[in-house]
Structures are given as C-alpha cells and as structure tokens.
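> Pasting input_14.tsv here (TSV, C-alpha atoms):
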chain	number	residue	atom	x	y	z
A	114	MET	CA	0.00	0.00	0.00
A	115	LYS	CA	1.31	3.41	-0.94
A	116	ALA	CA	0.10	5.43	2.00
A	117	ALA	CA	1.61	8.67	0.74
A	118	ARG	CA	-0.92	8.73	-2.11
A	119	ILE	CA	-3.95	8.23	0.17
A	120	THR	CA	-6.32	10.97	1.30
A	121	ARG	CA	-7.66	9.65	4.60
A	122	GLN	CA	-10.88	11.64	4.94
A	123	GLN	CA	-12.55	11.18	1.56
A	124	HIS	CA	-15.90	12.79	0.85
A	125	VAL	CA	-18.63	10.52	-0.48
A	126	VAL	CA	-20.86	13.62	-0.64
A	127	SER	CA	-19.15	16.43	-2.52
A	128	LYS	CA	-18.40	19.53	-0.47
A	129	VAL	CA	-19.61	21.64	-3.40
A	130	LEU	CA	-22.97	19.84	-3.16
A	131	LEU	CA	-23.30	20.12	0.61
A	132	LYS	CA	-22.62	23.85	0.36
A	133	GLN	CA	-25.92	24.20	-1.49
A	134	PHE	CA	-27.67	23.24	1.76
A	135	ALA	CA	-25.50	25.53	3.92
A	136	MET	CA	-25.94	29.00	5.38
A	137	ASN	CA	-23.29	31.44	6.59
A	138	GLU	CA	-23.55	31.85	10.34
A	139	PRO	CA	-23.06	35.32	11.90
A	140	ASP	CA	-20.10	34.20	14.05
A	141	ASP	CA	-17.65	33.88	11.12
A	142	ARG	CA	-17.75	30.08	11.10
A	143	GLY	CA	-18.53	30.14	7.40
A	144	PRO	CA	-21.13	27.93	5.69
A	145	GLN	CA	-22.87	25.48	8.04
A	146	VAL	CA	-25.42	22.68	7.65
A	147	ARG	CA	-27.58	20.98	10.26
A	148	PRO	CA	-26.97	17.22	10.67
A	149	VAL	CA	-29.43	14.69	12.04
A	150	ASP	CA	-28.05	11.35	13.23
A	151	VAL	CA	-30.42	8.70	11.87
A	152	HIS	CA	-29.01	6.09	14.26
A	153	PHE	CA	-29.82	8.25	17.28
A	154	PRO	CA	-32.44	10.75	16.10
A	155	GLU	CA	-33.07	12.16	19.57
A	156	ARG	CA	-29.45	13.25	19.89
A	157	SER	CA	-28.79	16.96	19.51
A	158	ASN	CA	-26.18	17.79	16.88
A	159	LYS	CA	-24.22	21.00	16.43
A	160	LEU	CA	-24.07	22.77	13.09
A	161	LYS	CA	-21.15	21.62	10.93
A	162	SER	CA	-19.26	22.89	7.93
A	163	PRO	CA	-19.63	20.96	4.65
A	164	ARG	CA	-15.97	19.98	5.00
A	165	ALA	CA	-16.78	18.14	8.24
A	166	CYS	CA	-19.72	16.21	6.76
A	167	GLY	CA	-20.31	13.39	4.33
A	168	TRP	CA	-16.89	11.76	4.44
A	169	ALA	CA	-15.62	8.23	5.05
A	170	ASP	CA	-12.35	7.05	6.53
A	171	ASN	CA	-10.06	5.67	3.80
A	172	TYR	CA	-12.96	5.06	1.44
A	173	ILE	CA	-10.42	4.29	-1.26
A	174	ALA	CA	-7.44	2.87	0.62
A	175	TYR	CA	-4.97	2.46	-2.25
A	176	GLU	CA	-3.59	5.14	-4.59
A	177	SER	CA	-6.66	7.34	-4.10
A	178	ALA	CA	-5.21	10.23	-6.14
A	179	SER	CA	-6.46	8.92	-9.49
A	180	ALA	CA	-10.00	8.55	-8.15
A	181	GLU	CA	-9.87	12.00	-6.55
A	182	ASP	CA	-8.84	13.45	-9.92
A	183	LEU	CA	-11.78	11.68	-11.56
A	184	TRP	CA	-14.28	13.02	-9.01
A	185	ASN	CA	-12.80	16.51	-9.28
A	186	SER	CA	-13.30	16.52	-13.05
A	187	VAL	CA	-17.05	16.51	-12.32
A	188	GLU	CA	-17.13	18.60	-9.14
A	189	VAL	CA	-15.19	21.51	-10.65
A	190	ARG	CA	-18.00	21.99	-13.19
A	191	ALA	CA	-20.81	21.85	-10.64
A	192	PRO	CA	-20.91	25.49	-9.38
A	193	ALA	CA	-21.72	26.87	-12.84
A	194	ALA	CA	-24.42	24.25	-13.31
A	195	PHE	CA	-25.93	25.04	-9.89
A	196	LYS	CA	-25.97	28.72	-10.80
A	197	ALA	CA	-27.87	27.90	-13.99
A	198	VAL	CA	-30.40	25.84	-12.01
A	199	HIS	CA	-31.08	28.72	-9.63
A	200	ALA	CA	-31.39	31.13	-12.57
A	201	GLY	CA	-33.80	28.82	-14.41
A	202	THR	CA	-31.48	28.57	-17.42
A	203	LEU	CA	-30.10	25.04	-17.00
A	204	PHE	CA	-31.28	23.70	-20.35
A	205	ALA	CA	-29.90	26.69	-22.28
A	206	ASP	CA	-26.47	25.04	-22.14
A	207	PRO	CA	-26.26	21.24	-22.72
A	208	LEU	CA	-22.95	21.16	-20.82
A	209	HIS	CA	-24.72	22.11	-17.60
A	210	ALA	CA	-27.20	19.26	-17.98
A	211	MET	CA	-24.32	16.86	-18.71
A	212	THR	CA	-22.50	18.07	-15.58
A	213	LEU	CA	-25.50	17.42	-13.35
A	214	ARG	CA	-26.09	14.02	-14.90
A	215	ASP	CA	-22.45	13.20	-14.17
A	216	LEU	CA	-22.93	14.46	-10.62
A	217	ILE	CA	-25.77	11.97	-10.13
A	218	VAL	CA	-23.60	9.16	-11.48
A	219	LEU	CA	-20.67	10.20	-9.28
A	220	HIS	CA	-22.77	10.04	-6.10
A	221	TYR	CA	-24.51	6.84	-7.15
A	222	VAL	CA	-21.15	5.10	-7.57
A	223	ARG	CA	-19.04	6.81	-4.89
A	224	SER	CA	-21.29	5.65	-2.08
A	225	HIS	CA	-21.55	3.44	0.97
A	226	ARG	CA	-24.06	1.40	-1.02
A	227	TYR	CA	-21.59	0.65	-3.83
A	228	ARG	CA	-18.84	-0.41	-1.43
A	229	ASP	CA	-21.35	-2.70	0.28
A	230	VAL	CA	-22.36	-4.30	-3.04
A	231	TYR	CA	-18.74	-4.63	-4.14
A	232	THR	CA	-17.64	-6.23	-0.85
A	233	ASN	CA	-20.55	-8.67	-0.75
A	234	ALA	CA	-19.96	-9.71	-4.36
A	235	PHE	CA	-16.25	-10.36	-3.83
A	236	THR	CA	-16.81	-12.22	-0.56
A	237	THR	CA	-19.46	-14.45	-2.15
A	238	VAL	CA	-17.28	-15.34	-5.14
A	239	ARG	CA	-14.19	-15.76	-2.96
A	240	ALA	CA	-15.98	-18.36	-0.81
A	241	LYS	CA	-16.97	-20.44	-3.85
A	242	VAL	CA	-13.69	-20.49	-5.75
A	243	PRO	CA	-11.72	-23.10	-3.70
A	244	GLY	CA	-14.53	-25.65	-3.98
A	245	GLU	CA	-14.90	-25.02	-7.70
A	246	LEU	CA	-11.16	-25.49	-8.22
A	247	VAL	CA	-11.25	-28.84	-6.43
A	248	GLU	CA	-14.31	-29.96	-8.37
A	249	ARG	CA	-13.11	-28.92	-11.82
A	250	PHE	CA	-9.31	-29.28	-11.61
A	251	PRO	CA	-8.41	-31.92	-8.99
A	252	GLU	CA	-5.45	-33.39	-10.86
A	253	PRO	CA	-3.79	-30.05	-11.76
A	254	LEU	CA	-4.22	-29.07	-8.12
A	255	ARG	CA	-2.50	-32.24	-6.95
A	256	ARG	CA	0.38	-31.65	-9.36
A	257	GLU	CA	0.74	-28.03	-8.21
A	258	ALA	CA	0.66	-29.12	-4.57
A	259	LEU	CA	3.41	-31.64	-5.27
A	260	ARG	CA	5.46	-28.99	-7.05
A	261	GLN	CA	5.07	-26.41	-4.27
A	262	THR	CA	5.15	-28.61	-1.18
A	263	GLY	CA	6.56	-31.99	-2.23
A	264	LEU	CA	3.42	-33.64	-0.82
A	265	HIS	CA	1.00	-36.04	-2.48
A	266	LEU	CA	-2.46	-34.83	-1.46
A	267	THR	CA	-4.79	-37.81	-1.34
A	268	THR	CA	-7.71	-36.63	0.77
A	269	ALA	CA	-10.45	-34.17	-0.15
A	270	ASP	CA	-9.75	-32.08	2.95
A	271	ALA	CA	-6.09	-31.71	2.05
A	272	LEU	CA	-6.92	-30.72	-1.51
A	273	ASN	CA	-9.49	-28.17	-0.30
A	274	ALA	CA	-6.95	-26.68	2.10
A	275	PHE	CA	-4.40	-26.29	-0.69
A	276	ALA	CA	-6.98	-24.69	-3.00
A	277	GLU	CA	-7.85	-22.26	-0.21
A	278	ARG	CA	-4.17	-21.40	0.13
A	279	LEU	CA	-3.86	-20.72	-3.61
A	280	VAL	CA	-6.87	-18.43	-3.59
A	281	GLU	CA	-5.62	-16.57	-0.54
A	282	GLN	CA	-2.24	-16.00	-2.18
A	283	SER	CA	-3.69	-14.96	-5.55
A	284	GLU	CA	-3.11	-11.49	-6.94
A	285	VAL	CA	-6.84	-10.74	-6.98
A	286	THR	CA	-7.23	-11.57	-3.30
A	287	GLN	CA	-4.17	-9.53	-2.42
A	288	ASP	CA	-5.48	-6.58	-4.42
A	289	PHE	CA	-8.80	-6.87	-2.61
A	290	GLY	CA	-7.05	-6.75	0.74
A	291	SER	CA	-4.93	-3.71	-0.17
A	292	GLY	CA	-7.85	-1.80	-1.68
A	293	ALA	CA	-6.33	-1.70	-5.17
A	294	LEU	CA	-9.16	-3.80	-6.59
A	295	PHE	CA	-11.82	-1.51	-5.14
A	296	ARG	CA	-10.18	1.58	-6.64
A	297	THR	CA	-10.09	0.11	-10.13
A	298	SER	CA	-13.60	-1.28	-9.70
A	299	ILE	CA	-15.17	2.01	-8.65
A	300	GLU	CA	-13.44	3.98	-11.41
A	301	SER	CA	-14.57	1.43	-13.98
A	302	MET	CA	-18.12	1.48	-12.60
A	303	PHE	CA	-18.24	5.27	-12.84
A	304	HIS	CA	-17.36	5.18	-16.53
A	305	ARG	CA	-19.81	2.34	-17.17
A	306	VAL	CA	-22.78	4.01	-15.46
A	307	ARG	CA	-21.85	7.34	-17.05
A	308	ALA	CA	-21.98	5.74	-20.50
A	309	ASP	CA	-25.23	3.91	-19.72
A	310	SER	CA	-26.88	7.15	-18.56
A	311	SER	CA	-25.68	9.27	-21.47
A	312	ASN	CA	-29.04	8.93	-23.26
A	313	TRP	CA	-31.11	9.74	-20.18
A	314	HIS	CA	-32.58	13.18	-19.68
A	315	LEU	CA	-32.66	15.43	-16.65
A	316	GLU	CA	-35.66	16.41	-14.57
A	317	ILE	CA	-35.38	19.39	-12.21
A	318	LEU	CA	-38.00	19.25	-9.48
A	319	ARG	CA	-38.92	22.03	-7.04
A	320	PRO	CA	-41.17	21.50	-4.01
A	321	GLU	CA	-44.57	23.17	-4.04
A	322	SER	CA	-43.97	23.55	-0.32
A	323	GLY	CA	-41.30	22.43	2.13
A	324	GLN	CA	-37.65	21.68	1.43
A	325	PHE	CA	-35.40	18.80	0.45
A	326	LEU	CA	-32.74	17.33	2.72
A	327	ILE	CA	-29.72	15.28	1.66
A	328	GLY	CA	-28.24	12.13	3.16
A	329	ASP	CA	-24.70	10.78	3.21
A	330	ASN	CA	-25.77	8.21	0.58
A	331	PRO	CA	-27.67	10.71	-1.56
A	332	ALA	CA	-28.00	9.42	-5.16
A	333	LEU	CA	-30.72	6.79	-4.91
A	334	THR	CA	-32.62	4.45	-7.14
A	335	VAL	CA	-36.25	4.50	-6.03
A	336	ARG	CA	-39.53	2.71	-6.62
A	337	THR	CA	-42.73	4.61	-5.99
A	338	ASP	CA	-45.21	1.73	-5.64
A	339	THR	CA	-44.80	1.29	-1.86
A	340	THR	CA	-45.04	3.47	1.25
A	341	PRO	CA	-42.45	4.53	2.09
A	342	TRP	CA	-40.82	4.33	-1.32
A	343	LYS	CA	-38.21	1.61	-1.68
A	344	CYS	CA	-34.63	2.58	-2.50
A	345	ASN	CA	-31.24	1.17	-3.46
A	346	MET	CA	-32.45	-1.45	-5.90
A	347	ALA	CA	-30.70	-2.14	-9.23
A	348	ILE	CA	-31.13	0.63	-11.80
A	349	GLY	CA	-33.09	-1.67	-14.09
A	350	ASP	CA	-35.63	-2.33	-11.33
A	351	ALA	CA	-36.06	1.34	-10.35
A	352	HIS	CA	-38.60	3.93	-11.39
A	353	SER	CA	-36.06	6.75	-11.09
A	354	LEU	CA	-32.59	7.76	-9.93
A	355	VAL	CA	-32.68	10.91	-7.79
A	356	LEU	CA	-30.27	13.34	-6.15
A	357	PRO	CA	-31.17	16.44	-4.07
A	358	ILE	CA	-28.93	19.39	-4.99
A	359	SER	CA	-30.39	22.14	-2.77
A	360	PRO	CA	-33.29	22.66	-0.36
A	361	ARG	CA	-35.33	23.81	-3.37
A	362	HIS	CA	-34.10	21.53	-6.16
A	363	LEU	CA	-33.85	17.79	-6.80
A	364	LEU	CA	-32.51	16.00	-9.88
A	365	ALA	CA	-34.00	12.88	-11.41
A	366	LEU	CA	-33.04	10.95	-14.52
A	367	GLY	CA	-36.01	10.60	-16.84
A	368	ARG	CA	-37.30	10.44	-20.40
A	369	GLN	CA	-37.10	14.14	-21.20
A	370	ASN	CA	-35.57	17.38	-19.99
A	371	ILE	CA	-38.16	19.08	-17.81
A	372	ALA	CA	-38.34	21.55	-14.96
A	373	GLY	CA	-41.40	21.41	-12.74
A	374	THR	CA	-42.82	21.30	-9.23
A	375	THR	CA	-43.68	18.35	-7.03
A	376	PRO	CA	-46.35	18.18	-4.29
A	377	ARG	CA	-45.59	18.11	-0.58
A	378	ALA	CA	-46.49	14.41	-0.29
A	379	THR	CA	-43.82	13.54	-2.89
A	380	VAL	CA	-41.29	15.80	-1.16
A	381	ASN	CA	-41.95	13.88	2.07
A	382	GLN	CA	-41.39	10.55	0.30
A	383	LEU	CA	-38.15	11.79	-1.26
A	384	ASN	CA	-36.91	13.00	2.12
A	385	THR	CA	-37.92	9.73	3.76
A	386	VAL	CA	-35.84	7.64	1.34
A	387	GLN	CA	-32.84	9.86	2.14
A	388	VAL	CA	-33.35	8.97	5.81
A	389	LEU	CA	-33.78	5.27	4.97
A	390	ALA	CA	-30.68	5.11	2.76
A	391	ALA	CA	-28.34	7.15	4.96
A	392	ASP	CA	-25.29	5.49	6.45
A	393	ARG	CA	-25.34	7.76	9.49
A	394	TYR	CA	-26.48	11.34	8.80
A	395	VAL	CA	-28.85	13.48	6.80
A	396	TYR	CA	-28.14	17.19	6.34
A	397	MET	CA	-30.32	20.25	5.82
A	398	HIS	CA	-30.36	24.03	5.88
A	399	PRO	CA	-29.62	25.27	9.43
A	400	ARG	CA	-32.98	27.08	9.69
A	401	SER	CA	-35.06	24.09	8.54
A	402	THR	CA	-36.57	23.37	11.96
A	403	ARG	CA	-39.68	21.64	10.60
A	404	LEU	CA	-37.55	19.48	8.33
A	405	GLU	CA	-35.31	18.57	11.25
A	406	THR	CA	-38.36	17.38	13.17
A	407	PHE	CA	-39.53	15.44	10.10
A	408	ALA	CA	-36.13	13.73	9.74
A	409	ARG	CA	-36.05	12.74	13.41
A	410	GLU	CA	-39.57	11.31	13.28
A	411	ALA	CA	-38.87	9.46	10.02
A	412	ALA	CA	-35.73	7.91	11.49
A	413	LYS	CA	-37.59	6.75	14.60
A	414	ARG	CA	-40.47	5.35	12.56
A	415	TRP	CA	-38.69	3.72	9.66
A	416	ARG	CA	-35.24	2.97	11.14
A	417	PRO	CA	-35.90	1.50	14.59
A	418	ASP	CA	-32.64	-0.49	14.46
A	419	PRO	CA	-29.76	1.99	14.96
A	420	VAL	CA	-27.38	0.10	12.64
A	421	SER	CA	-26.23	1.21	9.21
A	422	PRO	CA	-27.22	-1.18	6.40
A	423	TYR	CA	-23.67	-0.72	5.10
A	424	ARG	CA	-21.58	-1.28	8.22
A	425	ALA	CA	-21.39	-5.04	8.72
A	426	SER	CA	-20.34	-6.08	5.23
A	427	THR	CA	-17.89	-3.19	4.76
A	428	SER	CA	-15.99	-3.81	8.00
A	429	ALA	CA	-13.41	-5.83	6.09
A	430	THR	CA	-12.38	-2.73	4.17
A	431	GLY	CA	-11.56	-0.75	7.30
A	432	SER	CA	-13.40	1.42	9.77
A	433	LYS	CA	-15.17	4.53	8.52
A	434	LYS	CA	-16.99	7.55	9.80
A	435	SER	CA	-19.42	10.04	8.37
Represent the structure of the file as structure tokens.

Amino acid sequence: MKAARITRQQHVVSKVLLKQFAMNEPDDRGPQVRPVDVHFPERSNKLKSPRACGWADNYIAYESASAEDLWNSVEVRAPAAFKAVHAGTLFADPLHAMTLRDLIVLHYVRSHRYRDVYTNAFTTVRAKVPGELVERFPEPLRREALRQTGLHLTTADALNAFAERLVEQSEVTQDFGSGALFRTSIESMFHRVRADSSNWHLEILRPESGQFLIGDNPALTVRTDTTPWKCNMAIGDAHSLVLPISPRHLLALGRQNIAGTTPRATVNQLNTVQVLAADRYVYMHPRSTRLETFAREAAKRWRPDPVSPYRASTSATGSKKS
C-alpha cells in the first residue's frame, strides 16, 4: 500500500454539493449545515461545515489520487451548473445538464451502497472459488501441490486446504485486501454508469412547499409503488434515480428534460428515502426546523434499528466515519 498517495478523509458527498444546503452563520464560522443522526435521532447535533460532513475514513485505501482526480473533473464543473439551475437557465447550455447528470452518477457510484455491493460480491465469489477449483481441476491441483510442497495430497480435505491457500495468495485476493481492486472497480463502474446514462434526460423538481434534505448516501434508485418508497435497488428495477442538490431543487433521470414542481407528499417521500438510505447522517439548511423534526420522526419510525445497512459487510475494508 502506498500510504503517501492516500487521502484519509474522503468525501462521499461532494463539499460543493453540501454547500448548497448551507448558510453562513453570523459568528464567522462560514457555511454550516444541520446534521441529524439517523441512528440516534433524539441526539442533539451541532451545526457543521460541509468539509466536516459526508466523508468516510479511507474510502479508497490504495492510490486514491487517481479517483480523486476523476471526481474533481465533475465537481469543478458543478458550481456553474448550480448557478444555472437557480437562474432557471439550465437547459440553455447542454454542458450544464451533462454536468449534473455526471454528478448523479458520481454520487450513485461513490457511495456506501456501492462499497457494500462490491464487498458482498467479492466475498461471495471468494468463498466459492476453492470448492470449484477442487471440483473442476483436482489433478492439476495435486500436481501443483506436489510442485510447491513436495506432498501427495490424497484426501479431499487436504486438496481443499491447498486450494484455499492458492486463492488466498492470488493477486486478486491480495489486491482486494490492499484496496487496489476496489479503486479500479469504482473507477470502472463510474465510466460504465456514465456511458449507460448518457441517453437519459434530466428532470429538475422544485417542491410546491417544504424543502429537500440530503443524506450521506444521496444518489438513490427508487420505486414509488410502496409506502415509504423503496430505494437502493438495481437501476433496471427502479422507477427513477434521484439526487437532491439544494433545499429547493432535486434532480431525477427521466425520459425528457423538464423543470417542474412536485407536491408536498412527494417531497416527504423523497426526504424519507434519504433517511432510509443514509449510512449515518442526513443534512439540511440550518434554519429548517420543521424538516429537522420530520427527519427525526422518520428515522424513529422507519429505522428503529440503529445500525447502518452498510456497516457489517464493509468492515473488512476498514473502519469509517461520516
């Protein structure tokens, strides 16, 4: 591992995005957002700067510089696109729409959810490989064991143990342990989802009343045929892919470029799925007292178990915070 190339506190929610939910406080602290801890919704939380929110410890633990450069290539274009959204001129420049579509893809891929899926997939395949090697290639395994150890393996248990040793020593397993495999996987997934979404259009939704909040796992696939809406399913099974970008604007990938309003009931559903999908926190404008109450009540109602859905299976990749 090349620790010198690693940024320890890596944002899974872009600072430039969190700033859209922030407000400058009068005590010179700069932009601040209000966090709500969805694990412990009754807990009081101080205002925080966007820099202090939405990050994970060593999210990419190997040569993170290339991934940071990739994320920055999208984030550096975001302020101009946000300005166009607020001015109502987003669709006057196709580059702004492309930037926001890329921003959705970035947050869909660079997420606690993706690391969970990646880790589960590798662990599942890793557990099957030794048995498949023994079943399909018993004689080559015996010859390799004789070459490496000088032993004739005659029992099934001995052959399984040697196959396990080979898998553990393989380059793929070593790259998984160092984090190199995750870095290449997440960069590849970004480019793949970006290409797949290139023909999708952008919907800009504003609430008829109320405001949007944003979670630390903010770009979500959703289905709207349940209450509350389901989230985090495969893109092909979803009705939409959404990302809040300010208290007054939310992006969704759809069939055509449109800008419109959405009723309060839909705003509540969109905020609820942010609470459901969060790893630890949701964030909102510091003066959104009603929304803070909503987030606390939603967490108590829909997340009675104070455990992140992403924590258990990602523990192998190292501890993390939000």
> Would you kindly return, as a PyMOL selection string, each protein, DNA or RNA residue with an atom no farther than 9 Å from any atom of A:Val380, considering only C-alpha atoms and excluding same-chain residues fewer than 2 positions away?
chain A and resi 319-325+375-378+382-385
> Next, write the just-selected residues to a file, as a PDB file, in the coordinates of the input, keeping C-alpha atoms as the atom set.

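The resulting result03.pdb:
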ATOM      1  CA  ARG A 319     -38.920  22.030  -7.040  1.00  0.00           C
ATOM      2  CA  PRO A 320     -41.170  21.500  -4.010  1.00  0.00           C
ATOM      3  CA  GLU A 321     -44.570  23.170  -4.040  1.00  0.00           C
ATOM      4  CA  SER A 322     -43.970  23.550  -0.320  1.00  0.00           C
ATOM      5  CA  GLY A 323     -41.300  22.430   2.130  1.00  0.00           C
ATOM      6  CA  GLN A 324     -37.650  21.680   1.430  1.00  0.00           C
ATOM      7  CA  PHE A 325     -35.400  18.800   0.450  1.00  0.00           C
ATOM      8  CA  THR A 375     -43.680  18.350  -7.030  1.00  0.00           C
ATOM      9  CA  PRO A 376     -46.350  18.180  -4.290  1.00  0.00           C
ATOM     10  CA  ARG A 377     -45.590  18.110  -0.580  1.00  0.00           C
ATOM     11  CA  ALA A 378     -46.490  14.410  -0.290  1.00  0.00           C
ATOM     12  CA  GLN A 382     -41.390  10.550   0.300  1.00  0.00           C
ATOM     13  CA  LEU A 383     -38.150  11.790  -1.260  1.00  0.00           C
ATOM     14  CA  ASN A 384     -36.910  13.000   2.120  1.00  0.00           C
ATOM     15  CA  THR A 385     -37.920   9.730   3.760  1.00  0.00           C
TER      16      THR A 385
END
> For atom CA of A:Ala293 and atom CA of A:Val125, quote the distance in Å rounded to one decimal.
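Atom-to-atom, atom CA of A:Ala293 to atom CA of A:Val125, that is 18.0 Å.
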> Using only C-alpha atoms for the distances, tell me which of A:Ala269, A:Val218, A:Leu294, A:Ala258 is nearest to A:Glu176.
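Closest to A:Glu176 of all the choices is A:Leu294.
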> If we count only C-alpha atoms and set the cut-off at 9 Å, which residues sit around A:Gln369, ignoring sequence neighbours fewer than 3 positions away in its own chain? Please answer as a count of residues only.
5
> Grab the atom CA of A:Gln133 to atom CA of A:Thr379 distance for me, in Å with one decimal place.
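Answer for the atom CA of A:Gln133 to atom CA of A:Thr379 separation: 20.9 Å.
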> Could you give me, as a compact mmCIF listing (two decimals) with C-alpha atoms, keeping the file's coordinate frame, the residues within 9 Å of A:Asp392, counting only C-alpha atoms and dropping anything in the same chain fewer than 6 positions from it?

# COMPACT_ATOMS: atom_id res chain seq x y z
CA VAL A 151 -30.42 8.70 11.87
CA HIS A 152 -29.01 6.09 14.26
CA HIS A 225 -21.55 3.44 0.97
CA ARG A 226 -24.06 1.40 -1.02
CA GLY A 328 -28.24 12.13 3.16
CA ASP A 329 -24.70 10.78 3.21
CA ASN A 330 -25.77 8.21 0.58
CA VAL A 420 -27.38 0.10 12.64
CA SER A 421 -26.23 1.21 9.21
CA PRO A 422 -27.22 -1.18 6.40
CA TYR A 423 -23.67 -0.72 5.10
CA ARG A 424 -21.58 -1.28 8.22
CA SER A 435 -19.42 10.04 8.37
> Write out as an mmCIF file with C-alpha atoms, in the frame of the given file the residues lying within 6 Å of A:Val146, counting only C-alpha atoms and excluding same-chain residues fewer than 5 positions away.

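What landed in selection-v8.cif:
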data_model
loop_
_atom_site.group_PDB
_atom_site.id
_atom_site.type_symbol
_atom_site.label_atom_id
_atom_site.label_comp_id
_atom_site.auth_asym_id
_atom_site.auth_seq_id
_atom_site.Cartn_x
_atom_site.Cartn_y
_atom_site.Cartn_z
ATOM 1 C CA ALA A 135 -25.500 25.530 3.920
ATOM 2 C CA LEU A 160 -24.070 22.770 13.090
ATOM 3 C CA LYS A 161 -21.150 21.620 10.930
ATOM 4 C CA MET A 397 -30.320 20.250 5.820
ATOM 5 C CA HIS A 398 -30.360 24.030 5.880
ATOM 6 C CA PRO A 399 -29.620 25.270 9.430
#
> Hey, could you make a per-residue contact list for stretch 165-233 of chain A against stretch 346-359 of chain A with 12 Å as the cut-off, showing the nearest pair of atoms and its distance in Å to one decimal, counting all atoms listed in the file, sorted by chain and number, as a tab-separated table?

residue	atom	partner	partner_atom	distance
A:Ala191	CA	A:Ile358	CA	10.2
A:Pro192	CA	A:Ile358	CA	11.0
A:Ala194	CA	A:Ile358	CA	10.6
A:Phe195	CA	A:Ile358	CA	8.1
A:Lys196	CA	A:Ser359	CA	11.3
A:Val198	CA	A:Ile358	CA	9.6
A:His199	CA	A:Ser359	CA	9.5
A:Leu213	CA	A:Ile358	CA	9.2
A:Arg214	CA	A:Leu356	CA	9.7
A:Asp215	CA	A:Leu356	CA	11.2
A:Leu216	CA	A:Leu356	CA	8.7
A:Ile217	CA	A:Leu356	CA	6.2
A:Val218	CA	A:Leu354	CA	9.2
A:Leu219	CA	A:Leu356	CA	10.6
A:His220	CA	A:Leu356	CA	8.2
A:Tyr221	CA	A:Leu354	CA	8.6
A:Val222	CA	A:Ile348	CA	11.7
A:Arg226	CA	A:Met346	CA	10.1
A:Tyr227	CA	A:Ala347	CA	11.0
A:Val230	CA	A:Ala347	CA	10.6
> Using all atoms listed in the file, which protein or nucleic acid residues come within 8 Å of A:Glu155? Drop anything in the same chain fewer than 2 positions from it, and give the result as a PyMOL selection string.
chain A and resi 153+157+409
